[in-house]
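Written below as structure tokens is the structure these notes are about.
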Protein chains: 2
Amino acid sequence: MGGDHAPSEIVKGALAASGEKIAEVVLVGDENAIAPVLGTSSSIEIVHTPISIDMHESPSTVLRRKKDSSMNRAFELLKTGAVQGVVSAGNSGAFMAFAIFTLGRIPGIERPAIITTHPTMKGGKSLLLDAGGNVDCRPSHLVQFAIMGSVFARYALGIEAPRVGLLSNGEEETKGNELTRETHGILKNFDLNYVGYVEGTELYNGLIDVVVTDGFVGNVALKASEGIAELILSLVKAEILDGSPANEPGHGALTAAFNDLARRVDYSEYGGVPLLGVDGVSIICHGKSDSRAIKNAIARAKGLVGNGLNEHIKNAIQHYSHPNRTKEQ
Amino acid sequence: MGGDHAPSEIVKGALAASGEKIAEVVLVGDENAIAPVLGTSSSIEIVHTPISIDMHESPSTVLRRKKDSSMNRAFELLKTGAVQGVVSAGNSGAFMAFAIFTLGRIPGIERPAIITTHPTMKGGKSLLLDAGGNVDCRPSHLVQFAIMGSVFARYALGIEAPRVGLLSNGEEETKGNELTRETHGILKNFDLNYVGYVEGTELYNGLIDVVVTDGFVGNVALKASEGIAELILSLVKAEILDGSPANEPGHGALTAAFNDLARRVDYSEYGGVPLLGVDGVSIICHGKSDSRAIKNAIARAKGLVGNGLNEHIKNAIQHYSHPNRTKEQ
């Protein structure tokens, strides 16, 4: 029931995922709104609840008043093992609140974090966390983000020894702020493949696999990237494509190349972002998600369940909480 | 003597600025290195000093040992009124240190800040400060940045009532971190055209004139922007230009359009960034600056002297330090 195009695009995405045998999908929400879109030929199960969460409700309000909402019902199905993952395009603050409240945090994780995936110059992908709302972090939070990001890169992207960097205003140890300096002091003694401080450019140059920062800085970095990407793509369209008349040979190929390019830097292409550190696979999608984004998010959830991400995070957090697991020992 | 291409590109830039009557230029540095590039036909004065600053020397070291360096000599010329502005492509930490040490800060400014200029979707420009090294700021620092940025937008860009925003992880008042929340509480009672929290996208969408943040977040936002800009431009080149054979009609026009585009998002186009809050016009250029960037920086310094930026900042800081200058009164 969440997102700008719910329930129709959500249901269509579920139908596509089900039709392509990506996963067995359960839809949670108002049966009266869902059933007409679903039609009669589908075997997708609906778990009915008429209550849903508005995009503007605060996490504290929904925790008090919306425990019977479709979003929390979905997490309850995950908690009891009836499903193995949850995907939603709803209110992201409510999503984090109910994920933590209902699933609980993985032991040793103080704050769950949202991880985003980015294209790079080398053709591979890089990851950033926290892209969520964890502002005013402590060093222990960033250390846990580094561990979770490294595990995610290894098991979800198949990178053997992911290079982990701490986002800073320069690469030298003399740079950084109070938070990064203290975090750096801890991480450099860990047996992670920690490379030290990295700059904002390294989100996209392909030299770093996991970029760690707090949710305030992470959000600013991603939104600034989104802003200049839109600016450049609009300039490309105006200066390059519009300079090439539609009846000129090659114009069609140029337009196709442009559309391909625009898609490659579009975050929604990746189909939702995982919330790491809660006890179960949880994917939050952009409110604007269309059926393709929802289908991709379902596929992503299926993948993370299949590679046992949650268990790997649990094991890693235990490993690093052991005092002997540092380079110094 | 500062920068990767010193002294030759610096001298050539000075020659160009002098030749185009942009300003009367004085070169400070090693006469033996400068004179051969300058030639005999120019009337540009050289103030000789053999001592220069290495790119890797720390601000504290240069303050102790390099008071006779060409960089500090230039600031001394400004302090005594022999020149009206200083331009350098040297060590930026040393530049800030000597600017503060020799020129002094404008009364009421705790921390001078670097301001950068950006292209926007609307065709105009936006400003960001601090893009320098002021990490771990207090609210009073950000408030002073907001005042200086507003004055700069008004007198250097000619914007009558510049829209000032505080960079945050969302526009709602419930967003932000401890620093932004406290700063917001102060700024919203000022008679600046303060619009509240803005997101990273608003660096480029043309809806905000001045984006205020600390130097850590500012650096991350700019470097992330630079990273994705390079990525997209490389993809444009690979997918769009290389898809158009060189012998095809229109290929030359496409390449020209691409080069124009690349230049429009290149920060060096703006020719150096001003350090605001020290008592004199001071422009720091990228270490990679070529003669064109140096010439542009000299033109920029000349412009800021001409519109009396320094006096306007002094007046504004006095104005806002008066307790009656808030909306509430």
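Chain identifiers are assigned as A, B, and so on, following the order in which chains appear in the structure tokens; residues are numbered from 1 within each chain, and ligands are numbered from 1 in order of appearance.
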Taking a cut-off of 8 Å and counting only C-alpha atoms, can you build a table that, for each residue of chain A near chain B, reports the nearest atom pair and how far apart they are in Å (one decimal), sorted by chain then residue number, as JSON lines?
{"residue": "A:Thr120", "atom": "CA", "partner": "B:Leu231", "partner_atom": "CA", "distance": 6.8}
{"residue": "A:Met121", "atom": "CA", "partner": "B:Leu231", "partner_atom": "CA", "distance": 5.6}
{"residue": "A:Gly133", "atom": "CA", "partner": "B:Asn169", "partner_atom": "CA", "distance": 7.9}
{"residue": "A:Val135", "atom": "CA", "partner": "B:Asn177", "partner_atom": "CA", "distance": 5.7}
{"residue": "A:Asp136", "atom": "CA", "partner": "B:Asn177", "partner_atom": "CA", "distance": 5.9}
{"residue": "A:Leu167", "atom": "CA", "partner": "B:Val220", "partner_atom": "CA", "distance": 7.7}
{"residue": "A:Ser168", "atom": "CA", "partner": "B:Val220", "partner_atom": "CA", "distance": 6.9}
{"residue": "A:Asn169", "atom": "CA", "partner": "B:Phe216", "partner_atom": "CA", "distance": 5.4}
{"residue": "A:Gly176", "atom": "CA", "partner": "B:Phe216", "partner_atom": "CA", "distance": 7.1}
{"residue": "A:Asn177", "atom": "CA", "partner": "B:Val135", "partner_atom": "CA", "distance": 5.7}
{"residue": "A:Glu178", "atom": "CA", "partner": "B:Asp136", "partner_atom": "CA", "distance": 7.0}
{"residue": "A:Glu199", "atom": "CA", "partner": "B:Lys223", "partner_atom": "CA", "distance": 6.5}
{"residue": "A:Gly200", "atom": "CA", "partner": "B:Ala224", "partner_atom": "CA", "distance": 4.0}
{"residue": "A:Thr201", "atom": "CA", "partner": "B:Gly227", "partner_atom": "CA", "distance": 4.0}
{"residue": "A:Glu202", "atom": "CA", "partner": "B:Gly227", "partner_atom": "CA", "distance": 6.9}
{"residue": "A:Leu203", "atom": "CA", "partner": "B:Ala224", "partner_atom": "CA", "distance": 6.7}
{"residue": "A:Tyr204", "atom": "CA", "partner": "B:Gly227", "partner_atom": "CA", "distance": 5.5}
{"residue": "A:Asn205", "atom": "CA", "partner": "B:Gly227", "partner_atom": "CA", "distance": 6.8}
{"residue": "A:Gly215", "atom": "CA", "partner": "B:Asn169", "partner_atom": "CA", "distance": 7.9}
{"residue": "A:Phe216", "atom": "CA", "partner": "B:Asn169", "partner_atom": "CA", "distance": 5.4}
{"residue": "A:Val217", "atom": "CA", "partner": "B:Val217", "partner_atom": "CA", "distance": 6.2}
{"residue": "A:Asn219", "atom": "CA", "partner": "B:Asn169", "partner_atom": "CA", "distance": 5.5}
{"residue": "A:Val220", "atom": "CA", "partner": "B:Gly200", "partner_atom": "CA", "distance": 4.9}
{"residue": "A:Ala221", "atom": "CA", "partner": "B:Ala221", "partner_atom": "CA", "distance": 4.9}
{"residue": "A:Leu222", "atom": "CA", "partner": "B:Gly200", "partner_atom": "CA", "distance": 7.4}
{"residue": "A:Lys223", "atom": "CA", "partner": "B:Gly200", "partner_atom": "CA", "distance": 4.4}
{"residue": "A:Ala224", "atom": "CA", "partner": "B:Gly200", "partner_atom": "CA", "distance": 4.0}
{"residue": "A:Ser225", "atom": "CA", "partner": "B:Ser225", "partner_atom": "CA", "distance": 4.9}
{"residue": "A:Glu226", "atom": "CA", "partner": "B:Thr201", "partner_atom": "CA", "distance": 6.2}
{"residue": "A:Gly227", "atom": "CA", "partner": "B:Thr201", "partner_atom": "CA", "distance": 4.0}
{"residue": "A:Ile228", "atom": "CA", "partner": "B:Tyr204", "partner_atom": "CA", "distance": 6.0}
{"residue": "A:Ala229", "atom": "CA", "partner": "B:Ala229", "partner_atom": "CA", "distance": 6.7}
{"residue": "A:Leu231", "atom": "CA", "partner": "B:Met121", "partner_atom": "CA", "distance": 5.6}
{"residue": "A:Ile232", "atom": "CA", "partner": "B:Ala229", "partner_atom": "CA", "distance": 7.4}
{"residue": "A:Ser234", "atom": "CA", "partner": "B:Met121", "partner_atom": "CA", "distance": 7.9}
{"residue": "A:Leu235", "atom": "CA", "partner": "B:Leu261", "partner_atom": "CA", "distance": 6.9}
{"residue": "A:Val236", "atom": "CA", "partner": "B:Leu261", "partner_atom": "CA", "distance": 7.2}
{"residue": "A:Glu239", "atom": "CA", "partner": "B:Ala257", "partner_atom": "CA", "distance": 5.8}
{"residue": "A:Ile240", "atom": "CA", "partner": "B:Leu254", "partner_atom": "CA", "distance": 5.8}
{"residue": "A:Gly243", "atom": "CA", "partner": "B:Leu254", "partner_atom": "CA", "distance": 7.6}
{"residue": "A:Ser244", "atom": "CA", "partner": "B:Gly250", "partner_atom": "CA", "distance": 7.2}
{"residue": "A:Pro249", "atom": "CA", "partner": "B:Pro249", "partner_atom": "CA", "distance": 7.9}
{"residue": "A:Gly250", "atom": "CA", "partner": "B:Ser244", "partner_atom": "CA", "distance": 7.2}
{"residue": "A:Ala253", "atom": "CA", "partner": "B:Gly243", "partner_atom": "CA", "distance": 7.9}
{"residue": "A:Leu254", "atom": "CA", "partner": "B:Ile240", "partner_atom": "CA", "distance": 5.8}
{"residue": "A:Ala257", "atom": "CA", "partner": "B:Glu239", "partner_atom": "CA", "distance": 5.8}
{"residue": "A:Phe258", "atom": "CA", "partner": "B:Ile240", "partner_atom": "CA", "distance": 6.9}
{"residue": "A:Leu261", "atom": "CA", "partner": "B:Leu235", "partner_atom": "CA", "distance": 6.9}
{"residue": "A:Val265", "atom": "CA", "partner": "B:Ile232", "partner_atom": "CA", "distance": 7.8}
After superposing chain A onto chain B (least squares, all C-alpha atoms, pairing by order), export the transformed chain as a short mmCIF file (atom, residue, chain, number, x, y, z; two decimals) with C-alpha atoms, in the first residue's frame.
data_model
loop_
_atom_site.label_atom_id
_atom_site.label_comp_id
_atom_site.auth_asym_id
_atom_site.auth_seq_id
_atom_site.Cartn_x
_atom_site.Cartn_y
_atom_site.Cartn_z
CA MET A 1 55.80 30.01 -7.11
CA GLY A 2 52.82 27.80 -6.14
CA GLY A 3 51.06 25.10 -8.12
CA ASP A 4 52.00 22.20 -10.39
CA HIS A 5 52.94 24.47 -13.32
CA ALA A 6 54.75 27.26 -11.48
CA PRO A 7 56.22 29.56 -12.34
CA SER A 8 55.62 29.28 -16.10
CA GLU A 9 51.79 29.05 -16.21
CA ILE A 10 51.46 31.58 -13.39
CA VAL A 11 53.68 34.07 -15.21
CA LYS A 12 51.83 33.49 -18.50
CA GLY A 13 48.51 34.09 -16.76
CA ALA A 14 49.90 37.30 -15.26
CA LEU A 15 51.14 38.38 -18.71
CA ALA A 16 47.70 37.71 -20.20
CA ALA A 17 45.92 39.65 -17.42
CA SER A 18 48.36 42.51 -17.81
CA GLY A 19 48.19 42.44 -21.60
CA GLU A 20 44.37 42.56 -21.54
CA LYS A 21 44.51 45.45 -19.02
CA ILE A 22 42.56 43.39 -16.48
CA ALA A 23 44.85 44.49 -13.67
CA GLU A 24 48.29 45.76 -12.84
CA VAL A 25 50.12 42.61 -11.74
CA VAL A 26 53.01 42.19 -9.29
CA LEU A 27 54.75 38.81 -9.26
CA VAL A 28 56.25 37.67 -5.94
CA GLY A 29 58.89 34.94 -6.01
CA ASP A 30 62.27 33.86 -7.29
CA GLU A 31 63.36 36.38 -9.90
CA ASN A 32 65.74 33.88 -11.45
CA ALA A 33 62.88 31.53 -12.24
CA ILE A 34 60.33 34.20 -13.16
CA ALA A 35 62.33 36.57 -15.34
CA PRO A 36 63.10 34.10 -18.16
CA VAL A 37 59.37 33.39 -18.62
CA LEU A 38 58.40 37.03 -18.24
CA GLY A 39 60.79 38.21 -20.92
CA THR A 40 62.00 41.75 -21.29
CA SER A 41 59.07 43.43 -23.01
CA SER A 42 56.73 43.28 -20.00
CA SER A 43 56.39 46.02 -17.38
CA ILE A 44 55.27 43.52 -14.70
CA GLU A 45 57.12 44.11 -11.44
CA ILE A 46 58.84 41.22 -9.66
CA VAL A 47 59.19 41.29 -5.87
CA HIS A 48 62.08 38.92 -5.34
CA THR A 49 62.24 36.30 -2.64
CA PRO A 50 63.96 32.93 -3.10
CA ILE A 51 61.88 31.12 -0.46
CA SER A 52 58.76 29.24 -1.47
CA ILE A 53 56.38 26.76 0.16
CA ASP A 54 56.22 23.10 -0.73
CA MET A 55 52.79 21.54 -1.37
CA HIS A 56 53.29 19.10 1.50
CA GLU A 57 54.33 21.49 4.26
CA SER A 58 51.84 21.82 7.11
CA PRO A 59 50.29 25.18 8.02
CA SER A 60 51.91 25.09 11.47
CA THR A 61 55.35 24.45 9.94
CA VAL A 62 55.12 27.24 7.39
CA LEU A 63 53.85 29.69 10.01
CA ARG A 64 56.98 28.98 12.07
CA ARG A 65 59.55 28.75 9.26
CA LYS A 66 58.30 30.40 6.08
CA LYS A 67 57.37 33.95 6.99
CA ASP A 68 59.76 35.08 4.26
CA SER A 69 58.11 32.92 1.61
CA SER A 70 56.73 34.41 -1.59
CA MET A 71 53.20 33.59 -0.40
CA ASN A 72 53.51 35.53 2.84
CA ARG A 73 55.35 38.37 1.09
CA ALA A 74 52.29 38.73 -1.17
CA PHE A 75 49.99 39.00 1.84
CA GLU A 76 52.34 41.56 3.39
CA LEU A 77 52.07 43.65 0.20
CA LEU A 78 48.28 43.46 0.56
CA LYS A 79 48.41 44.34 4.27
CA THR A 80 50.47 47.46 3.60
CA GLY A 81 48.25 48.51 0.70
CA ALA A 82 50.90 48.06 -2.00
CA VAL A 83 48.51 45.68 -3.76
CA GLN A 84 44.73 45.23 -3.43
CA GLY A 85 44.42 41.45 -3.78
CA VAL A 86 46.41 38.21 -3.66
CA VAL A 87 46.10 35.25 -6.06
CA SER A 88 47.96 31.96 -5.50
CA ALA A 89 47.91 28.39 -6.79
CA GLY A 90 50.09 27.22 -3.90
CA ASN A 91 49.55 25.12 -0.77
CA SER A 92 45.99 25.94 0.31
CA GLY A 93 46.53 25.20 4.00
CA ALA A 94 49.51 27.58 4.00
CA PHE A 95 47.42 30.13 2.09
CA MET A 96 44.70 30.13 4.75
CA ALA A 97 47.25 30.20 7.56
CA PHE A 98 49.15 33.21 6.18
CA ALA A 99 45.99 35.03 5.14
CA ILE A 100 44.71 34.80 8.71
CA PHE A 101 48.14 35.47 10.27
CA THR A 102 49.15 38.41 8.11
CA LEU A 103 45.86 40.02 7.01
CA GLY A 104 43.90 39.09 10.10
CA ARG A 105 40.22 38.18 10.27
CA ILE A 106 37.42 40.65 9.78
CA PRO A 107 36.09 41.55 13.27
CA GLY A 108 33.21 39.21 14.16
CA ILE A 109 34.41 36.39 11.89
CA GLU A 110 35.70 33.41 13.84
CA ARG A 111 36.66 31.29 10.85
CA PRO A 112 37.27 32.44 7.27
CA ALA A 113 35.61 30.23 4.66
CA ILE A 114 36.19 29.28 1.03
CA ILE A 115 33.26 29.91 -1.32
CA THR A 116 32.77 27.99 -4.59
CA THR A 117 30.56 28.82 -7.59
CA HIS A 118 28.44 26.23 -9.45
CA PRO A 119 26.39 26.09 -12.64
CA THR A 120 22.67 25.38 -12.17
CA MET A 121 19.68 24.01 -14.10
CA LYS A 122 18.25 27.52 -14.37
CA GLY A 123 21.37 28.79 -16.13
CA GLY A 124 22.44 30.92 -13.16
CA LYS A 125 24.99 30.19 -10.49
CA SER A 126 24.87 28.93 -6.94
CA LEU A 127 27.44 29.30 -4.19
CA LEU A 128 28.65 26.91 -1.50
CA LEU A 129 30.57 27.69 1.66
CA ASP A 130 32.59 26.42 3.46
CA ALA A 131 34.45 24.52 0.77
CA GLY A 132 37.62 24.84 2.83
CA GLY A 133 38.95 23.05 5.85
CA ASN A 134 36.61 24.19 8.63
CA VAL A 135 35.53 20.81 10.02
CA ASP A 136 33.77 20.45 13.39
CA CYS A 137 32.09 23.84 13.13
CA ARG A 138 29.92 25.48 15.78
CA PRO A 139 26.56 27.13 14.92
CA SER A 140 28.11 30.61 15.16
CA HIS A 141 30.56 29.66 12.38
CA LEU A 142 27.77 28.57 10.04
CA VAL A 143 25.80 31.73 10.83
CA GLN A 144 28.83 33.81 9.83
CA PHE A 145 29.19 31.72 6.64
CA ALA A 146 25.54 32.48 5.83
CA ILE A 147 26.09 36.21 6.24
CA MET A 148 29.29 36.24 4.17
CA GLY A 149 27.72 34.08 1.46
CA SER A 150 24.71 36.37 1.23
CA VAL A 151 26.94 39.44 0.92
CA PHE A 152 29.05 37.70 -1.73
CA ALA A 153 25.98 36.71 -3.77
CA ARG A 154 24.70 40.26 -3.59
CA TYR A 155 27.85 42.16 -4.46
CA ALA A 156 29.81 39.67 -6.58
CA LEU A 157 26.87 38.10 -8.44
CA GLY A 158 24.42 41.02 -8.28
CA ILE A 159 21.56 39.06 -6.66
CA GLU A 160 19.37 41.53 -4.76
CA ALA A 161 18.03 39.27 -1.99
CA PRO A 162 20.02 36.03 -2.20
CA ARG A 163 18.18 32.90 -1.06
CA VAL A 164 20.28 31.24 1.63
CA GLY A 165 19.80 27.57 2.60
CA LEU A 166 21.36 25.35 5.24
CA LEU A 167 22.54 22.04 3.78
CA SER A 168 20.79 19.11 5.44
CA ASN A 169 19.58 15.54 4.87
CA GLY A 170 16.03 16.66 4.16
CA GLU A 171 13.95 19.82 4.00
CA GLU A 172 11.70 19.21 7.00
CA GLU A 173 12.62 20.85 10.32
CA THR A 174 12.70 17.39 11.91
CA LYS A 175 15.71 16.52 9.71
CA GLY A 176 19.28 17.67 10.24
CA ASN A 177 21.87 16.94 12.89
CA GLU A 178 22.70 18.71 16.15
CA LEU A 179 24.76 21.36 14.35
CA THR A 180 22.15 22.21 11.70
CA ARG A 181 19.25 22.25 14.17
CA GLU A 182 20.97 24.77 16.42
CA THR A 183 22.11 26.86 13.43
CA HIS A 184 18.60 26.79 11.96
CA GLY A 185 17.18 28.09 15.25
CA ILE A 186 19.45 31.14 14.98
CA LEU A 187 19.18 31.81 11.22
CA LYS A 188 15.39 31.70 11.04
CA ASN A 189 15.24 34.77 13.26
CA PHE A 190 17.69 36.76 11.11
CA ASP A 191 16.56 39.26 8.48
CA LEU A 192 18.50 37.33 5.83
CA ASN A 193 16.49 35.74 3.00
CA TYR A 194 16.96 32.40 4.77
CA VAL A 195 14.80 29.61 3.34
CA GLY A 196 15.67 26.85 5.84
CA TYR A 197 17.06 23.39 5.16
CA VAL A 198 18.04 22.47 1.61
CA GLU A 199 19.22 19.14 0.18
CA GLY A 200 22.31 18.35 -1.89
CA THR A 201 20.31 18.55 -5.14
CA GLU A 202 19.75 22.25 -4.50
CA LEU A 203 23.40 22.97 -5.16
CA TYR A 204 22.51 22.56 -8.85
CA ASN A 205 18.78 23.16 -9.33
CA GLY A 206 18.98 26.95 -9.33
CA LEU A 207 16.40 27.49 -6.58
CA ILE A 208 18.96 28.48 -3.94
CA ASP A 209 21.73 31.07 -4.27
CA VAL A 210 23.86 30.30 -1.21
CA VAL A 211 24.26 26.84 0.34
CA VAL A 212 25.80 26.88 3.82
CA THR A 213 27.57 23.93 5.46
CA ASP A 214 30.74 23.02 7.34
CA GLY A 215 33.98 22.34 5.47
CA PHE A 216 33.81 18.56 5.92
CA VAL A 217 30.34 18.18 4.41
CA GLY A 218 31.08 20.85 1.80
CA ASN A 219 34.16 18.99 0.63
CA VAL A 220 32.31 15.67 0.44
CA ALA A 221 29.44 17.24 -1.54
CA LEU A 222 31.83 18.83 -4.06
CA LYS A 223 34.07 15.78 -4.44
CA ALA A 224 31.06 13.46 -4.88
CA SER A 225 29.75 15.87 -7.54
CA GLU A 226 33.13 15.90 -9.26
CA GLY A 227 33.25 12.09 -9.19
CA ILE A 228 29.87 11.50 -10.77
CA ALA A 229 30.44 14.32 -13.29
CA GLU A 230 33.62 12.57 -14.48
CA LEU A 231 31.77 9.26 -14.64
CA ILE A 232 28.89 10.67 -16.68
CA LEU A 233 31.15 12.62 -19.03
CA SER A 234 33.22 9.50 -19.66
CA LEU A 235 30.01 7.56 -20.39
CA VAL A 236 28.76 10.32 -22.70
CA LYS A 237 32.02 10.17 -24.56
CA ALA A 238 31.98 6.39 -24.81
CA GLU A 239 28.30 5.90 -25.60
CA ILE A 240 27.32 8.96 -27.55
CA LEU A 241 30.43 10.39 -29.19
CA ASP A 242 32.24 7.14 -29.91
CA GLY A 243 28.99 5.74 -31.30
CA SER A 244 29.13 8.45 -33.95
CA PRO A 245 31.89 7.69 -36.49
CA ALA A 246 34.33 10.53 -37.11
CA ASN A 247 33.46 10.62 -40.79
CA GLU A 248 29.72 10.89 -40.11
CA PRO A 249 28.03 14.25 -40.70
CA GLY A 250 27.68 16.13 -37.41
CA HIS A 251 30.50 14.37 -35.57
CA GLY A 252 32.56 17.55 -35.35
CA ALA A 253 29.59 19.47 -33.96
CA LEU A 254 28.95 16.74 -31.38
CA THR A 255 32.55 16.82 -30.22
CA ALA A 256 32.47 20.60 -29.94
CA ALA A 257 29.22 20.42 -27.96
CA PHE A 258 30.79 17.82 -25.65
CA ASN A 259 33.86 19.93 -25.02
CA ASP A 260 31.67 22.94 -24.29
CA LEU A 261 29.64 20.83 -21.87
CA ALA A 262 32.74 19.50 -20.10
CA ARG A 263 33.97 23.06 -19.68
CA ARG A 264 30.67 24.26 -18.25
CA VAL A 265 30.86 21.80 -15.36
CA ASP A 266 34.58 22.30 -14.79
CA TYR A 267 35.19 24.27 -11.59
CA SER A 268 38.52 25.65 -12.81
CA GLU A 269 36.56 27.64 -15.37
CA TYR A 270 35.71 30.03 -12.55
CA GLY A 271 39.38 30.84 -11.96
CA GLY A 272 40.08 30.29 -8.30
CA VAL A 273 37.98 30.49 -5.18
CA PRO A 274 37.80 33.41 -2.75
CA LEU A 275 38.65 33.07 0.92
CA LEU A 276 36.03 35.14 2.73
CA GLY A 277 36.42 36.63 6.19
CA VAL A 278 40.07 37.65 6.06
CA ASP A 279 40.79 41.35 5.79
CA GLY A 280 41.64 41.58 2.09
CA VAL A 281 40.74 39.97 -1.25
CA SER A 282 42.43 36.55 -1.36
CA ILE A 283 41.93 34.01 -4.15
CA ILE A 284 43.22 30.45 -4.00
CA CYS A 285 43.55 28.54 -7.28
CA HIS A 286 43.73 24.81 -7.95
CA GLY A 287 47.27 23.42 -8.03
CA LYS A 288 46.65 22.30 -11.62
CA SER A 289 45.82 25.84 -12.78
CA ASP A 290 46.98 26.77 -16.24
CA SER A 291 47.54 30.31 -17.50
CA ARG A 292 43.84 30.74 -18.37
CA ALA A 293 42.77 29.81 -14.83
CA ILE A 294 45.32 32.23 -13.40
CA LYS A 295 44.16 35.03 -15.69
CA ASN A 296 40.53 34.35 -14.68
CA ALA A 297 41.51 34.37 -11.00
CA ILE A 298 43.24 37.74 -11.40
CA ALA A 299 40.10 39.06 -13.11
CA ARG A 300 38.01 37.72 -10.26
CA ALA A 301 40.24 39.37 -7.63
CA LYS A 302 39.98 42.64 -9.55
CA GLY A 303 36.20 42.34 -9.59
CA LEU A 304 35.94 41.71 -5.84
CA VAL A 305 38.19 44.68 -5.11
CA GLY A 306 36.10 46.82 -7.43
CA ASN A 307 32.78 46.00 -5.80
CA GLY A 308 34.13 46.54 -2.29
CA LEU A 309 33.38 43.04 -1.07
CA ASN A 310 35.52 43.32 2.03
CA GLU A 311 33.84 46.49 3.30
CA HIS A 312 30.42 45.00 2.63
CA ILE A 313 31.29 41.93 4.70
CA LYS A 314 32.54 44.13 7.53
CA ASN A 315 29.31 46.14 7.50
CA ALA A 316 27.11 43.06 7.34
CA ILE A 317 28.84 41.35 10.25
CA GLN A 318 28.40 44.51 12.33
CA HIS A 319 24.75 44.72 11.26
CA TYR A 320 23.92 41.17 12.29
CA SER A 321 25.87 41.30 15.52
CA HIS A 322 23.43 44.03 16.62
CA PRO A 323 20.75 42.31 18.76
CA ASN A 324 17.89 44.19 17.08
CA ARG A 325 18.63 42.82 13.61
CA THR A 326 16.36 39.81 13.83
CA LYS A 327 12.88 39.22 12.45
CA GLU A 328 11.45 38.91 15.95
CA GLN A 329 12.18 42.49 16.97
#
Exercise for the section: Write down as a VMD selection string the residues of range 187-291 of chain B whose backbone DSSP state falls under alpha helix (DSSP H). Expected result: chain B and resid 187 215 to 236 251 to 264 291
Write the selection just made, keeping C-alpha atoms, as a short mmCIF file (atom, residue, chain, number, x, y, z; two decimals), in the first residue's frame?
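Result saved to part20.cif:
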data_model
loop_
_atom_site.label_atom_id
_atom_site.label_comp_id
_atom_site.auth_asym_id
_atom_site.auth_seq_id
_atom_site.Cartn_x
_atom_site.Cartn_y
_atom_site.Cartn_z
CA LEU B 187 19.17 31.80 11.24
CA GLY B 215 33.96 22.33 5.47
CA PHE B 216 33.78 18.56 5.93
CA VAL B 217 30.32 18.18 4.42
CA GLY B 218 31.06 20.84 1.80
CA ASN B 219 34.14 18.98 0.63
CA VAL B 220 32.28 15.66 0.45
CA ALA B 221 29.41 17.23 -1.53
CA LEU B 222 31.80 18.82 -4.06
CA LYS B 223 34.03 15.76 -4.44
CA ALA B 224 31.02 13.45 -4.87
CA SER B 225 29.71 15.86 -7.53
CA GLU B 226 33.09 15.88 -9.25
CA GLY B 227 33.21 12.08 -9.17
CA ILE B 228 29.84 11.49 -10.76
CA ALA B 229 30.41 14.31 -13.28
CA GLU B 230 33.59 12.57 -14.46
CA LEU B 231 31.74 9.26 -14.62
CA ILE B 232 28.87 10.66 -16.67
CA LEU B 233 31.13 12.62 -19.02
CA SER B 234 33.21 9.50 -19.65
CA LEU B 235 30.00 7.56 -20.38
CA VAL B 236 28.74 10.31 -22.69
CA HIS B 251 30.56 14.37 -35.55
CA GLY B 252 32.61 17.56 -35.33
CA ALA B 253 29.62 19.48 -33.96
CA LEU B 254 28.96 16.75 -31.38
CA THR B 255 32.56 16.82 -30.18
CA ALA B 256 32.48 20.61 -29.92
CA ALA B 257 29.22 20.42 -27.95
CA PHE B 258 30.77 17.83 -25.63
CA ASN B 259 33.85 19.94 -24.99
CA ASP B 260 31.66 22.95 -24.27
CA LEU B 261 29.63 20.83 -21.86
CA ALA B 262 32.72 19.50 -20.09
CA ARG B 263 33.97 23.07 -19.66
CA ARG B 264 30.64 24.25 -18.22
CA SER B 291 47.56 30.32 -17.51
#
Practice task
Could you pull out the residues in range 162-214 of chain A that DSSP calls strand (DSSP E) from the backbone, as number ranges by chain?
Solution key: A: 164-167, 194-198, 210-212
